[in-house]
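The next block is final_34.tsv, given as TSV, C-alpha atoms.
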```tsv
chain	number	residue	atom	x	y	z
A	1	MET	CA	-43.75	-24.01	-6.59
A	2	SER	CA	-45.65	-21.50	-8.76
A	3	LEU	CA	-46.23	-17.92	-7.70
A	4	PRO	CA	-49.76	-16.54	-7.21
A	5	LYS	CA	-51.02	-14.50	-10.13
A	6	HIS	CA	-50.99	-11.22	-8.17
A	7	SER	CA	-47.36	-11.84	-7.11
A	8	ILE	CA	-46.32	-12.33	-10.73
A	9	ILE	CA	-48.04	-9.08	-11.68
A	10	LEU	CA	-46.26	-7.21	-8.87
A	11	LEU	CA	-42.93	-8.71	-9.93
A	12	VAL	CA	-43.45	-7.59	-13.53
A	13	ILE	CA	-44.41	-4.07	-12.37
A	14	CYS	CA	-41.31	-3.82	-10.18
A	15	CYS	CA	-39.09	-4.92	-13.07
A	16	LEU	CA	-40.71	-2.37	-15.38
A	17	VAL	CA	-40.27	0.41	-12.81
A	18	PHE	CA	-36.59	-0.49	-12.35
A	19	THR	CA	-36.07	-0.59	-16.12
A	20	VAL	CA	-37.65	2.82	-16.61
A	21	ALA	CA	-35.67	4.31	-13.72
A	22	ALA	CA	-32.43	3.02	-15.17
A	23	GLN	CA	-33.06	4.33	-18.69
A	24	GLU	CA	-31.08	7.27	-20.00
A	25	LYS	CA	-32.90	10.60	-19.87
A	26	PRO	CA	-32.45	13.70	-22.04
A	27	ILE	CA	-30.20	16.37	-20.50
A	28	ASN	CA	-31.06	19.97	-21.29
A	29	ASN	CA	-28.35	22.44	-22.28
A	30	LEU	CA	-29.26	25.89	-21.05
A	31	GLU	CA	-28.35	28.59	-23.54
A	32	ILE	CA	-27.45	32.17	-22.64
A	33	GLY	CA	-30.75	34.04	-22.29
A	34	ASP	CA	-32.77	30.99	-21.22
A	35	GLN	CA	-34.94	31.25	-18.13
A	36	ALA	CA	-33.88	29.57	-14.91
A	37	PRO	CA	-35.78	26.29	-14.54
A	38	PRO	CA	-37.87	26.19	-11.34
A	39	PHE	CA	-36.91	23.91	-8.46
A	40	ASP	CA	-38.22	22.81	-5.08
A	41	LEU	CA	-35.59	20.75	-3.27
A	42	PRO	CA	-34.67	19.71	0.27
A	43	GLY	CA	-31.70	21.42	1.89
A	44	THR	CA	-29.19	20.31	4.47
A	45	ASP	CA	-30.84	22.63	7.03
A	46	GLY	CA	-34.11	20.67	6.91
A	47	LYS	CA	-35.93	23.25	4.77
A	48	ASN	CA	-37.11	23.06	1.18
A	49	TYR	CA	-36.03	25.82	-1.20
A	50	SER	CA	-37.62	26.97	-4.44
A	51	LEU	CA	-36.49	29.43	-7.09
A	52	ASN	CA	-38.94	31.99	-5.68
A	53	ASP	CA	-37.18	31.92	-2.31
A	54	PHE	CA	-34.34	33.92	-3.92
A	55	SER	CA	-36.55	36.58	-5.55
A	56	GLU	CA	-35.09	39.33	-3.32
A	57	TYR	CA	-31.73	39.07	-5.08
A	58	PRO	CA	-31.15	40.95	-8.37
A	59	LEU	CA	-28.63	38.27	-9.35
A	60	LEU	CA	-28.72	34.55	-8.57
A	61	VAL	CA	-25.84	32.08	-8.75
A	62	VAL	CA	-26.79	28.40	-8.94
A	63	ILE	CA	-23.82	26.15	-8.24
A	64	PHE	CA	-23.93	22.45	-9.06
A	65	THR	CA	-21.43	20.75	-6.76
A	66	CYS	CA	-21.13	17.70	-4.51
A	67	ASN	CA	-19.37	16.15	-1.53
A	68	HIS	CA	-17.03	13.57	-3.00
A	69	CYS	CA	-15.40	15.26	-6.00
A	70	PRO	CA	-11.86	16.54	-5.25
A	71	THR	CA	-12.35	19.43	-7.68
A	72	ALA	CA	-15.58	20.43	-5.96
A	73	GLN	CA	-13.84	20.26	-2.58
A	74	ALA	CA	-10.99	22.38	-3.91
A	75	TYR	CA	-13.50	25.15	-4.66
A	76	GLU	CA	-15.39	25.06	-1.35
A	77	ASP	CA	-13.42	27.81	0.40
A	78	LYS	CA	-13.46	29.94	-2.75
A	79	ILE	CA	-17.25	29.66	-2.96
A	80	ILE	CA	-17.65	30.53	0.71
A	81	LYS	CA	-15.48	33.65	0.22
A	82	ILE	CA	-17.36	34.74	-2.93
A	83	VAL	CA	-20.69	34.37	-1.13
A	84	GLU	CA	-19.33	36.41	1.78
A	85	ASP	CA	-18.14	39.18	-0.56
A	86	TYR	CA	-21.11	39.37	-2.95
A	87	ARG	CA	-24.26	38.62	-0.94
A	88	LEU	CA	-24.33	42.19	0.42
A	89	LYS	CA	-24.01	43.43	-3.17
A	90	GLY	CA	-27.33	41.82	-4.06
A	91	VAL	CA	-26.23	38.39	-5.24
A	92	GLY	CA	-28.03	35.27	-4.07
A	93	PHE	CA	-26.38	31.87	-3.96
A	94	VAL	CA	-27.68	28.31	-3.87
A	95	ALA	CA	-25.78	25.04	-4.33
A	96	ILE	CA	-27.36	21.87	-5.69
A	97	SER	CA	-25.90	18.37	-5.57
A	98	PRO	CA	-26.98	16.62	-8.79
A	99	ASN	CA	-25.52	13.19	-8.09
A	100	ASP	CA	-27.31	9.93	-7.44
A	101	PRO	CA	-25.22	8.46	-4.59
A	102	ASN	CA	-26.02	4.95	-5.84
A	103	ALA	CA	-24.16	5.77	-9.04
A	104	VAL	CA	-21.00	6.72	-7.15
A	105	SER	CA	-18.53	3.85	-6.87
A	106	LEU	CA	-16.42	3.35	-3.76
A	107	SER	CA	-13.41	3.79	-6.03
A	108	GLU	CA	-14.58	7.37	-6.71
A	109	LEU	CA	-14.51	8.25	-3.02
A	110	GLY	CA	-10.74	8.22	-2.68
A	111	TYR	CA	-10.55	11.94	-1.92
A	112	SER	CA	-13.50	12.08	0.42
A	113	ASP	CA	-14.86	10.67	3.64
A	114	LEU	CA	-18.46	11.10	2.44
A	115	ASN	CA	-20.75	10.06	-0.40
A	116	ASP	CA	-23.32	12.35	-2.01
A	117	GLY	CA	-26.52	11.41	-0.16
A	118	LEU	CA	-28.49	14.03	1.77
A	119	ASP	CA	-27.37	12.80	5.20
A	120	ASP	CA	-23.73	13.00	4.10
A	121	MET	CA	-24.37	16.47	2.66
A	122	LYS	CA	-25.62	17.60	6.07
A	123	ILE	CA	-22.33	16.50	7.63
A	124	ARG	CA	-20.27	18.32	5.01
A	125	ALA	CA	-22.32	21.53	5.19
A	126	LYS	CA	-21.95	21.62	8.97
A	127	GLU	CA	-18.24	20.82	8.86
A	128	LYS	CA	-17.49	23.58	6.32
A	129	GLN	CA	-20.09	25.97	7.75
A	130	TYR	CA	-21.61	26.70	4.36
A	131	ASN	CA	-23.05	30.20	4.15
A	132	PHE	CA	-25.49	29.23	1.39
A	133	PRO	CA	-28.30	26.66	1.04
A	134	TYR	CA	-27.07	23.24	-0.10
A	135	LEU	CA	-29.84	21.27	-1.84
A	136	TYR	CA	-30.21	17.61	-2.79
A	137	ASP	CA	-31.39	16.59	-6.27
A	138	GLY	CA	-29.99	13.06	-6.26
A	139	GLU	CA	-33.31	11.30	-5.77
A	140	THR	CA	-34.91	12.21	-9.12
A	141	GLN	CA	-32.25	14.49	-10.69
A	142	ALA	CA	-35.15	16.30	-12.38
A	143	VAL	CA	-33.74	19.78	-11.71
A	144	SER	CA	-30.24	18.84	-12.81
A	145	LEU	CA	-31.61	17.44	-16.06
A	146	GLU	CA	-33.19	20.83	-16.76
A	147	TYR	CA	-30.06	22.87	-15.98
A	148	GLY	CA	-27.61	20.44	-17.60
A	149	PRO	CA	-24.41	20.78	-15.56
A	150	VAL	CA	-21.52	18.89	-17.14
A	151	ALA	CA	-19.20	18.63	-14.14
A	152	THR	CA	-18.87	19.55	-10.49
A	153	PRO	CA	-18.59	22.41	-9.90
A	154	HIS	CA	-20.59	24.16	-12.64
A	155	VAL	CA	-22.07	27.62	-12.03
A	156	PHE	CA	-25.05	29.36	-13.66
A	157	VAL	CA	-25.61	33.11	-13.16
A	158	PHE	CA	-29.08	34.60	-13.74
A	159	ASP	CA	-30.13	38.26	-13.84
A	160	GLN	CA	-33.15	39.84	-12.12
A	161	ASP	CA	-35.48	38.40	-14.76
A	162	ARG	CA	-33.78	35.04	-14.15
A	163	ALA	CA	-32.34	34.92	-17.65
A	164	LEU	CA	-29.03	33.06	-17.92
A	165	LYS	CA	-26.08	35.43	-18.27
A	166	TYR	CA	-23.10	33.21	-17.46
A	167	SER	CA	-22.47	29.46	-17.45
A	168	GLY	CA	-19.22	27.65	-16.70
A	169	ARG	CA	-16.29	27.57	-14.31
A	170	ILE	CA	-15.53	29.59	-11.19
A	171	ASP	CA	-11.96	30.31	-12.26
A	172	ASP	CA	-9.21	28.72	-14.34
A	173	THR	CA	-7.48	26.48	-11.80
A	174	GLU	CA	-8.75	23.55	-9.77
A	175	ASP	CA	-5.59	23.67	-7.65
A	176	PRO	CA	-6.46	25.49	-4.39
A	177	TYR	CA	-2.78	26.24	-3.80
A	178	VAL	CA	-2.41	28.17	-7.08
A	179	THR	CA	-3.62	31.73	-7.62
A	180	PRO	CA	-6.06	31.72	-10.57
A	181	GLY	CA	-5.32	33.84	-13.61
A	182	ASN	CA	-8.95	34.30	-14.67
A	183	LEU	CA	-11.65	34.95	-12.06
A	184	ASP	CA	-14.47	34.12	-14.47
A	185	LEU	CA	-17.39	34.05	-12.02
A	186	ILE	CA	-16.28	37.17	-10.16
A	187	ARG	CA	-15.72	39.04	-13.44
A	188	ALA	CA	-19.20	38.05	-14.65
A	189	LEU	CA	-20.79	39.21	-11.39
A	190	ASP	CA	-18.93	42.53	-11.44
A	191	GLN	CA	-19.97	43.21	-15.04
A	192	LEU	CA	-23.62	42.40	-14.30
A	193	LEU	CA	-23.63	44.53	-11.14
A	194	ASP	CA	-22.25	47.40	-13.24
A	195	GLN	CA	-25.14	46.89	-15.70
A	196	LYS	CA	-22.71	45.71	-18.39
A	197	PRO	CA	-22.95	42.63	-20.61
A	198	VAL	CA	-20.82	39.64	-19.63
A	199	GLU	CA	-17.85	39.62	-22.00
A	200	THR	CA	-17.27	35.87	-21.76
A	201	ALA	CA	-20.70	34.41	-21.10
A	202	ARG	CA	-19.77	30.75	-21.38
A	203	THR	CA	-16.66	28.84	-20.37
A	204	LYS	CA	-15.80	25.18	-20.18
A	205	THR	CA	-15.78	23.45	-16.80
A	206	PHE	CA	-13.39	20.91	-15.32
A	207	GLY	CA	-14.28	18.44	-12.60
A	208	CYS	CA	-16.00	15.17	-11.86
A	209	SER	CA	-18.73	14.02	-14.21
A	210	ILE	CA	-22.35	14.11	-13.04
A	211	LYS	CA	-23.36	10.75	-11.57
A	212	TRP	CA	-26.60	10.19	-13.47
A	213	SER	CA	-28.74	7.35	-12.13
A	214	TRP	CA	-28.61	5.38	-15.38
A	215	LYS	CA	-24.83	5.34	-15.39
A	216	ASN	CA	-24.41	2.97	-12.45
A	217	SER	CA	-23.92	-0.26	-14.40
A	218	TRP	CA	-20.14	0.06	-14.20
A	219	THR	CA	-20.31	0.40	-10.42
A	220	GLU	CA	-22.07	-2.96	-10.29
A	221	LYS	CA	-19.47	-4.41	-12.64
A	222	LEU	CA	-16.70	-3.13	-10.38
A	223	LYS	CA	-18.36	-4.76	-7.36
A	224	GLN	CA	-18.30	-8.05	-9.24
A	225	GLN	CA	-14.64	-7.59	-10.12
A	226	TRP	CA	-13.81	-6.97	-6.48
A	227	ALA	CA	-15.77	-10.06	-5.45
A	228	GLU	CA	-13.66	-12.16	-7.82
A	229	GLU	CA	-10.27	-10.91	-6.58
A	230	PRO	CA	-8.20	-13.64	-4.86
A	231	VAL	CA	-7.97	-13.55	-1.07
A	232	THR	CA	-4.78	-14.85	0.56
A	233	LEU	CA	-3.49	-15.32	4.10
A	234	GLU	CA	0.20	-15.66	4.94
A	235	GLU	CA	1.89	-16.39	8.25
A	236	MET	CA	4.18	-13.75	9.72
A	237	ASN	CA	6.61	-13.82	12.63
A	238	LEU	CA	7.29	-11.10	15.19
A	239	ASN	CA	10.24	-9.55	13.37
A	240	GLN	CA	8.27	-9.33	10.14
A	241	ILE	CA	5.42	-7.62	11.96
A	242	ARG	CA	7.89	-5.22	13.55
A	243	GLU	CA	9.06	-4.22	10.05
A	244	LEU	CA	5.45	-3.88	8.94
A	245	VAL	CA	4.67	-1.45	11.74
A	246	ALA	CA	7.90	0.49	11.15
A	247	ASN	CA	6.46	1.25	7.69
A	248	SER	CA	9.39	2.08	5.47
A	249	SER	CA	6.97	2.34	2.52
A	250	GLU	CA	5.57	5.56	1.03
A	251	ASN	CA	2.02	4.51	1.88
A	252	TYR	CA	-0.22	5.11	4.84
A	253	ARG	CA	-0.89	1.69	6.35
A	254	LEU	CA	-4.24	0.83	7.88
A	255	ILE	CA	-3.61	-2.22	10.10
A	256	ASN	CA	-6.42	-4.17	11.73
A	257	LEU	CA	-5.83	-6.79	14.43
A	258	TRP	CA	-8.64	-9.34	14.59
A	259	ALA	CA	-9.57	-12.96	15.33
A	260	THR	CA	-12.15	-15.45	14.10
A	261	TRP	CA	-13.70	-15.73	17.59
A	262	CYS	CA	-14.07	-11.94	17.96
A	263	GLY	CA	-17.65	-10.89	17.16
A	264	PRO	CA	-16.92	-7.14	16.92
A	265	CYS	CA	-14.04	-7.93	14.53
A	266	LEU	CA	-16.42	-9.63	12.11
A	267	ILE	CA	-18.98	-6.82	12.44
A	268	GLU	CA	-16.52	-4.09	11.43
A	269	MET	CA	-14.63	-6.00	8.73
A	270	PRO	CA	-17.00	-5.20	5.80
A	271	GLU	CA	-16.59	-1.45	6.37
A	272	LEU	CA	-12.83	-1.84	6.54
A	273	VAL	CA	-12.94	-3.65	3.19
A	274	ASN	CA	-15.04	-0.78	1.78
A	275	THR	CA	-12.51	1.69	3.16
A	276	ASP	CA	-9.75	-0.17	1.31
A	277	ARG	CA	-11.77	0.02	-1.91
A	278	MET	CA	-12.14	3.77	-1.44
A	279	TYR	CA	-8.47	4.61	-0.94
A	280	ARG	CA	-6.45	1.79	-2.52
A	281	GLY	CA	-5.88	3.92	-5.62
A	282	ARG	CA	-3.84	6.38	-3.54
A	283	SER	CA	-0.80	6.09	-1.25
A	284	PHE	CA	-2.67	3.71	1.01
A	285	GLU	CA	-2.76	0.02	1.89
A	286	PHE	CA	-4.98	-2.08	4.14
A	287	ILE	CA	-3.46	-4.92	6.17
A	288	THR	CA	-5.13	-7.39	8.50
A	289	ILE	CA	-3.29	-9.44	11.11
A	290	SER	CA	-5.12	-12.42	12.56
A	291	THR	CA	-4.26	-13.24	16.17
A	292	ASP	CA	-5.66	-16.76	15.81
A	293	LYS	CA	-3.47	-19.80	16.42
A	294	PRO	CA	-1.88	-21.20	13.26
A	295	ASN	CA	-4.21	-24.22	13.39
A	296	LYS	CA	-7.11	-21.80	12.75
A	297	LYS	CA	-5.57	-20.47	9.55
A	298	ALA	CA	-8.07	-22.23	7.29
A	299	LYS	CA	-11.01	-20.76	9.22
A	300	ALA	CA	-9.46	-17.29	9.16
A	301	LEU	CA	-8.96	-17.52	5.40
A	302	GLN	CA	-12.53	-18.71	4.97
A	303	ILE	CA	-13.84	-15.64	6.80
A	304	LEU	CA	-11.58	-13.25	4.90
A	305	THR	CA	-12.73	-14.79	1.62
A	306	LYS	CA	-16.36	-14.36	2.60
A	307	MET	CA	-15.61	-10.72	3.45
A	308	GLU	CA	-13.92	-10.27	0.02
A	309	ALA	CA	-10.83	-8.95	1.82
A	310	ALA	CA	-8.51	-8.97	-1.20
A	311	ASN	CA	-5.85	-6.94	0.57
A	312	GLN	CA	-2.73	-7.96	2.51
A	313	ASN	CA	-3.72	-10.52	5.15
A	314	TYR	CA	-1.37	-12.08	7.69
A	315	LEU	CA	-1.59	-14.47	10.62
A	316	TYR	CA	0.77	-14.08	13.58
A	317	ASN	CA	2.51	-17.43	14.06
A	318	GLY	CA	4.33	-16.61	17.31
A	319	ASP	CA	3.60	-18.18	20.69
A	320	ASP	CA	3.51	-15.05	22.87
A	321	ILE	CA	0.56	-12.74	22.15
A	322	TYR	CA	1.91	-10.18	24.64
A	323	GLU	CA	5.05	-9.76	22.58
A	324	LEU	CA	2.81	-8.99	19.60
A	325	ILE	CA	0.94	-6.35	21.61
A	326	GLU	CA	4.18	-4.56	22.50
A	327	VAL	CA	5.42	-4.66	18.90
A	328	ILE	CA	2.16	-3.34	17.45
A	329	ASP	CA	1.65	-0.45	19.88
A	330	LYS	CA	2.77	-0.06	23.48
A	331	ASN	CA	-0.47	1.85	24.14
A	332	TRP	CA	-2.62	-1.06	22.99
A	333	LYS	CA	-4.32	-2.57	26.04
A	334	GLY	CA	-4.87	-5.88	24.28
A	335	SER	CA	-8.56	-6.08	23.37
A	336	LEU	CA	-9.81	-6.82	19.86
A	337	PRO	CA	-10.41	-5.44	17.36
A	338	TYR	CA	-7.56	-2.94	17.25
A	339	THR	CA	-7.08	-0.59	14.30
A	340	LEU	CA	-4.14	1.69	13.53
A	341	LEU	CA	-3.30	4.12	10.77
A	342	ILE	CA	0.48	4.34	10.40
A	343	ALA	CA	2.18	7.08	8.41
A	344	PRO	CA	5.29	6.47	6.29
A	345	GLY	CA	8.14	6.27	8.76
A	346	GLY	CA	6.12	4.52	11.45
A	347	GLU	CA	4.20	7.28	13.24
A	348	ILE	CA	0.81	6.10	14.49
A	349	VAL	CA	-1.60	8.88	13.50
A	350	PHE	CA	-4.79	7.10	14.51
A	351	ALA	CA	-5.58	4.18	16.83
A	352	ASN	CA	-8.86	2.67	17.93
A	353	GLU	CA	-9.60	-0.18	20.34
A	354	GLY	CA	-12.98	-1.78	19.65
A	355	ILE	CA	-15.25	-1.33	16.62
A	356	VAL	CA	-14.03	1.66	14.64
A	357	GLU	CA	-16.55	4.24	13.43
A	358	PRO	CA	-16.19	4.28	9.60
A	359	PHE	CA	-16.66	8.02	9.13
A	360	GLU	CA	-14.20	8.87	11.90
A	361	LEU	CA	-11.61	6.54	10.36
A	362	ARG	CA	-12.14	7.84	6.81
A	363	MET	CA	-11.98	11.43	7.98
A	364	GLU	CA	-8.59	10.69	9.50
A	365	ILE	CA	-7.38	8.95	6.34
A	366	VAL	CA	-8.43	11.85	4.10
A	367	LYS	CA	-6.90	14.35	6.51
A	368	ASN	CA	-3.56	12.66	5.95
A	369	LEU	CA	-3.87	11.79	2.25
A	370	GLY	CA	-5.46	15.12	1.29
A	371	ARG	CA	-8.74	16.01	-0.43
A	372	TYR	CA	-7.38	17.44	-3.69
A	373	TYR	CA	-5.62	16.13	-6.77
A	374	ALA	CA	-2.86	18.62	-5.90
A	375	ASP	CA	-2.15	16.66	-2.70
A	376	ASP	CA	-0.87	13.62	-4.60
```
Encoded form (structure tokens):
Amino acid sequence: MSLPKHSIILLVICCLVFTVAAQEKPINNLEIGDQAPPFDLPGTDGKNYSLNDFSEYPLLVVIFTCNHCPTAQAYEDKIIKIVEDYRLKGVGFVAISPNDPNAVSLSELGYSDLNDGLDDMKIRAKEKQYNFPYLYDGETQAVSLEYGPVATPHVFVFDQDRALKYSGRIDDTEDPYVTPGNLDLIRALDQLLDQKPVETARTKTFGCSIKWSWKNSWTEKLKQQWAEEPVTLEEMNLNQIRELVANSSENYRLINLWATWCGPCLIEMPELVNTDRMYRGRSFEFITISTDKPNKKAKALQILTKMEAANQNYLYNGDDIYELIEVIDKNWKGSLPYTLLIAPGGEIVFANEGIVEPFELRMEIVKNLGRYYADD
């Protein structure tokens, strides 16, 4: 069947638009003395902010940061404290997230419960009670291309004429548990407030790379790799499950009890697989236990394969389902699905009967694994 002429034209236009959008774009490199590029971006508070909205401040700090990066998260409390200390001294602050969330792979979210989209930014800003505007540039990245941040976080300090006076790091350690030796941003602000030149006007930055929209091809490649991973299903008796729950490993174990006939189980499974892809690079493992009868093993494997659940999958081969309930968790009432997060040593730190809310689960996982590189 041939397509109508107008449909072919629309298809060609769509392909051209996608191609242009995916092409690499030139990234500016602001030099000391350059003027602050203008911006007009949406914030997490529902307002749009422009460069002119900060005209009352003799100094302006523009911070490029994001939700997911462990380095950026390690600096959150430091930024909040600096804003608290310096706003009354005449320093304005604004944070901009430069990342295209579609260019962030699940594997890069291992230290976070959130991606870098605007809705996720709203959650993070509310949770941390940011005392500065937090703006989203991930849709076009036009502002970020003009400023040229190289990592998150990356700060730019502008004087009253909005000429760049400092560009670089906040301090010299990304470890929030270590006292920094060089307070680069604070020193630059103090020198500018004292009407002195900034002694070290540019420093290198350390953190996660900017997720430019044209650099998402590897995320698609990774999705394909995941889709090709083998999916297995092994039978397990009651004693083996008891050992599994006791968790003598060094990993946090996310265990999901499910069945092929359980509609809610099948609804939540894709997000559990995504959760595994987020945290499998850390001290974490995802395990499913099918409560189907052994004669349904082939069907259970078929479903797991369709779900791309290339994790540890088991099927309980015992006769008494109530014995399984008692072994898994004495507080489990017996309905499916049932999801537990078990710490090393066997302590159940999270349990949910029914469909689990992905953000709630991931928040609990990150709370236990930690948000910073220093936590590993």
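Excluding Asn256 of chain A itself and same-chain residues fewer than 6 positions from it, the residues having an atom within 6 Å of it are Thr288, Tyr338 and Thr339 of chain A, counting only C-alpha atoms.
The shortest atom-to-atom distance to Met307 of chain A, with all atoms listed in the file taken into account, belongs to A:Trp226 out of A:Phe132, A:Tyr372, A:Tyr279, A:Trp226.
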Which residues, written as a list in words, have at least one atom at most 8 Å from segment 360-367 of chain A, with all atoms listed in the file counted and residues fewer than 4 positions away on the same chain left out?
-> Tyr111, Ser112, Asp113, Thr275, Leu341, Phe350, Val356 and Arg371 of chain A
Can you pull out the residues contacting Val91 of chain A? Cut-off 7 Å, using all atoms listed in the file, and skip same-chain residues under 3 positions away; I want them as a compact mmCIF listing (two decimals) with C-alpha atoms, keeping the file's coordinate frame.
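What follows is the written file out.txt:
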```txt
# COMPACT_ATOMS: atom_id res chain seq x y z
CA TYR A 57 -31.73 39.07 -5.08
CA PRO A 58 -31.15 40.95 -8.37
CA LEU A 59 -28.63 38.27 -9.35
CA LEU A 60 -28.72 34.55 -8.57
CA TYR A 86 -21.11 39.37 -2.95
CA ARG A 87 -24.26 38.62 -0.94
```
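Among the candidates A:Glu308, A:Asp34, A:Glu56, A:Glu174, the one nearest to Gln160 of chain A when counting all atoms listed in the file is A:Glu56.
From atom CA of Asn237 of chain A back to atom CA of Tyr252 of chain A, the distance works out to 21.6 Å.
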Name the residues in contact with Val155 of chain A at a cut-off of 7 Å, using all atoms listed in the file, excluding same-chain residues fewer than 4 positions from it; report them as JSON, numbers by chain.
-> {"A": [61, 62, 63, 64, 167, 168, 169, 170]}
Work out how far atom CA of Gly334 of chain A is from atom CA of Ser248 of chain A, in Å to one decimal.
-> 24.9 Å
Between A:Tyr373, A:Asn216, A:Asp172, A:Leu336, smallest distance to Leu266 of chain A by all atoms listed in the file belongs to A:Leu336
Residue neighbourhood Pro344 of chain A, 9 Å, all atoms listed in the file, exclusion window fewer than 6 positions, as an mmCIF file with C-alpha atoms, in the frame of the given file:
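So around-v8.cif came out as:
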```cif
data_model
loop_
_atom_site.group_PDB
_atom_site.id
_atom_site.type_symbol
_atom_site.label_atom_id
_atom_site.label_comp_id
_atom_site.auth_asym_id
_atom_site.auth_seq_id
_atom_site.Cartn_x
_atom_site.Cartn_y
_atom_site.Cartn_z
ATOM 1 C CA ALA A 246 7.900 0.490 11.150
ATOM 2 C CA ASN A 247 6.460 1.250 7.690
ATOM 3 C CA SER A 248 9.390 2.080 5.470
ATOM 4 C CA SER A 249 6.970 2.340 2.520
ATOM 5 C CA GLU A 250 5.570 5.560 1.030
ATOM 6 C CA ASN A 251 2.020 4.510 1.880
ATOM 7 C CA TYR A 252 -0.220 5.110 4.840
ATOM 8 C CA ARG A 253 -0.890 1.690 6.350
#
```
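Between atom CA of Gln141 of chain A and atom CA of Pro98 of chain A the interatomic distance comes to 6.0 Å.
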Counting all atoms listed in the file, write as a VMD selection string all protein and nucleic acid residues lying at most 9 Å from (6.3, -12.3, 13.9) in the file's frame.
-> chain A and resid 235 to 242 315 to 318 324
May I have a table of the residues of segment 162-224 of chain A lying at most 12 Å from segment 75-79 of chain A, giving each one's closest pair of atoms and their distance in Å to one decimal, counting all atoms listed in the file, ordered by chain and ascending residue number, as CSV?
```
residue,atom,partner,partner_atom,distance
A:Arg169,CA,A:Tyr75,CA,10.3
A:Ile170,CA,A:Tyr75,CA,8.2
A:Asp171,CA,A:Tyr75,CA,9.3
A:Asp172,CA,A:Tyr75,CA,11.2
A:Thr173,CA,A:Tyr75,CA,9.4
A:Glu174,CA,A:Tyr75,CA,7.2
A:Asp175,CA,A:Tyr75,CA,8.6
A:Pro176,CA,A:Tyr75,CA,7.1
A:Tyr177,CA,A:Tyr75,CA,10.8
A:Val178,CA,A:Tyr75,CA,11.7
A:Thr179,CA,A:Lys78,CA,11.1
A:Pro180,CA,A:Lys78,CA,10.9
A:Leu183,CA,A:Lys78,CA,10.7
A:Leu185,CA,A:Ile79,CA,10.1
A:Ile186,CA,A:Ile79,CA,10.4
A:Phe206,CA,A:Tyr75,CA,11.5
A:Gly207,CA,A:Tyr75,CA,10.4
```
Among A:Asp276, A:Asp319, A:Asp376, A:Asp137, Ser107 of chain A is approached most closely, using only C-alpha atoms, by A:Asp276
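Considering all atoms listed in the file, the residue among A:Ile210, A:Asn115, A:Arg187, A:Ile82 positioned nearest to Thr65 of chain A is A:Ile210.
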Nearest to Tyr130 of chain A by atom-to-atom distance, counting only C-alpha atoms, from A:His154, A:Asp53, A:Thr44, A:Gly92 | A:Thr44
Return segment 104-115 of chain A, completed with N, CA and C atoms, as an mmCIF file, keeping the file's coordinate frame.
```cif
data_model
loop_
_atom_site.group_PDB
_atom_site.id
_atom_site.type_symbol
_atom_site.label_atom_id
_atom_site.label_comp_id
_atom_site.auth_asym_id
_atom_site.auth_seq_id
_atom_site.Cartn_x
_atom_site.Cartn_y
_atom_site.Cartn_z
ATOM 1 N N VAL A 104 -22.373 6.388 -7.525
ATOM 2 C CA VAL A 104 -21.000 6.720 -7.150
ATOM 3 C C VAL A 104 -20.315 5.468 -6.627
ATOM 4 N N SER A 105 -19.265 5.032 -7.295
ATOM 5 C CA SER A 105 -18.530 3.850 -6.870
ATOM 6 C C SER A 105 -17.640 4.174 -5.684
ATOM 7 N N LEU A 106 -17.368 3.171 -4.858
ATOM 8 C CA LEU A 106 -16.420 3.350 -3.760
ATOM 9 C C LEU A 106 -15.071 3.834 -4.277
ATOM 10 N N SER A 107 -14.703 3.400 -5.474
ATOM 11 C CA SER A 107 -13.410 3.790 -6.030
ATOM 12 C C SER A 107 -13.359 5.281 -6.349
ATOM 13 N N GLU A 108 -14.528 5.938 -6.438
ATOM 14 C CA GLU A 108 -14.580 7.370 -6.710
ATOM 15 C C GLU A 108 -14.543 8.209 -5.437
ATOM 16 N N LEU A 109 -14.490 7.549 -4.291
ATOM 17 C CA LEU A 109 -14.510 8.250 -3.020
ATOM 18 C C LEU A 109 -13.129 8.378 -2.392
ATOM 19 N N GLY A 110 -12.101 8.224 -3.201
ATOM 20 C CA GLY A 110 -10.740 8.220 -2.680
ATOM 21 C C GLY A 110 -10.255 9.543 -2.116
ATOM 22 N N TYR A 111 -10.959 10.635 -2.432
ATOM 23 C CA TYR A 111 -10.550 11.940 -1.920
ATOM 24 C C TYR A 111 -11.560 12.492 -0.923
ATOM 25 N N SER A 112 -12.446 11.626 -0.464
ATOM 26 C CA SER A 112 -13.500 12.080 0.420
ATOM 27 C C SER A 112 -13.748 11.088 1.537
ATOM 28 N N ASP A 113 -14.408 11.549 2.584
ATOM 29 C CA ASP A 113 -14.860 10.670 3.640
ATOM 30 C C ASP A 113 -16.376 10.477 3.565
ATOM 31 N N LEU A 114 -17.015 11.101 2.550
ATOM 32 C CA LEU A 114 -18.460 11.100 2.440
ATOM 33 C C LEU A 114 -18.911 10.806 1.016
ATOM 34 N N ASN A 115 -20.091 10.219 0.895
ATOM 35 C CA ASN A 115 -20.750 10.060 -0.400
ATOM 36 C C ASN A 115 -21.631 11.281 -0.640
#
```
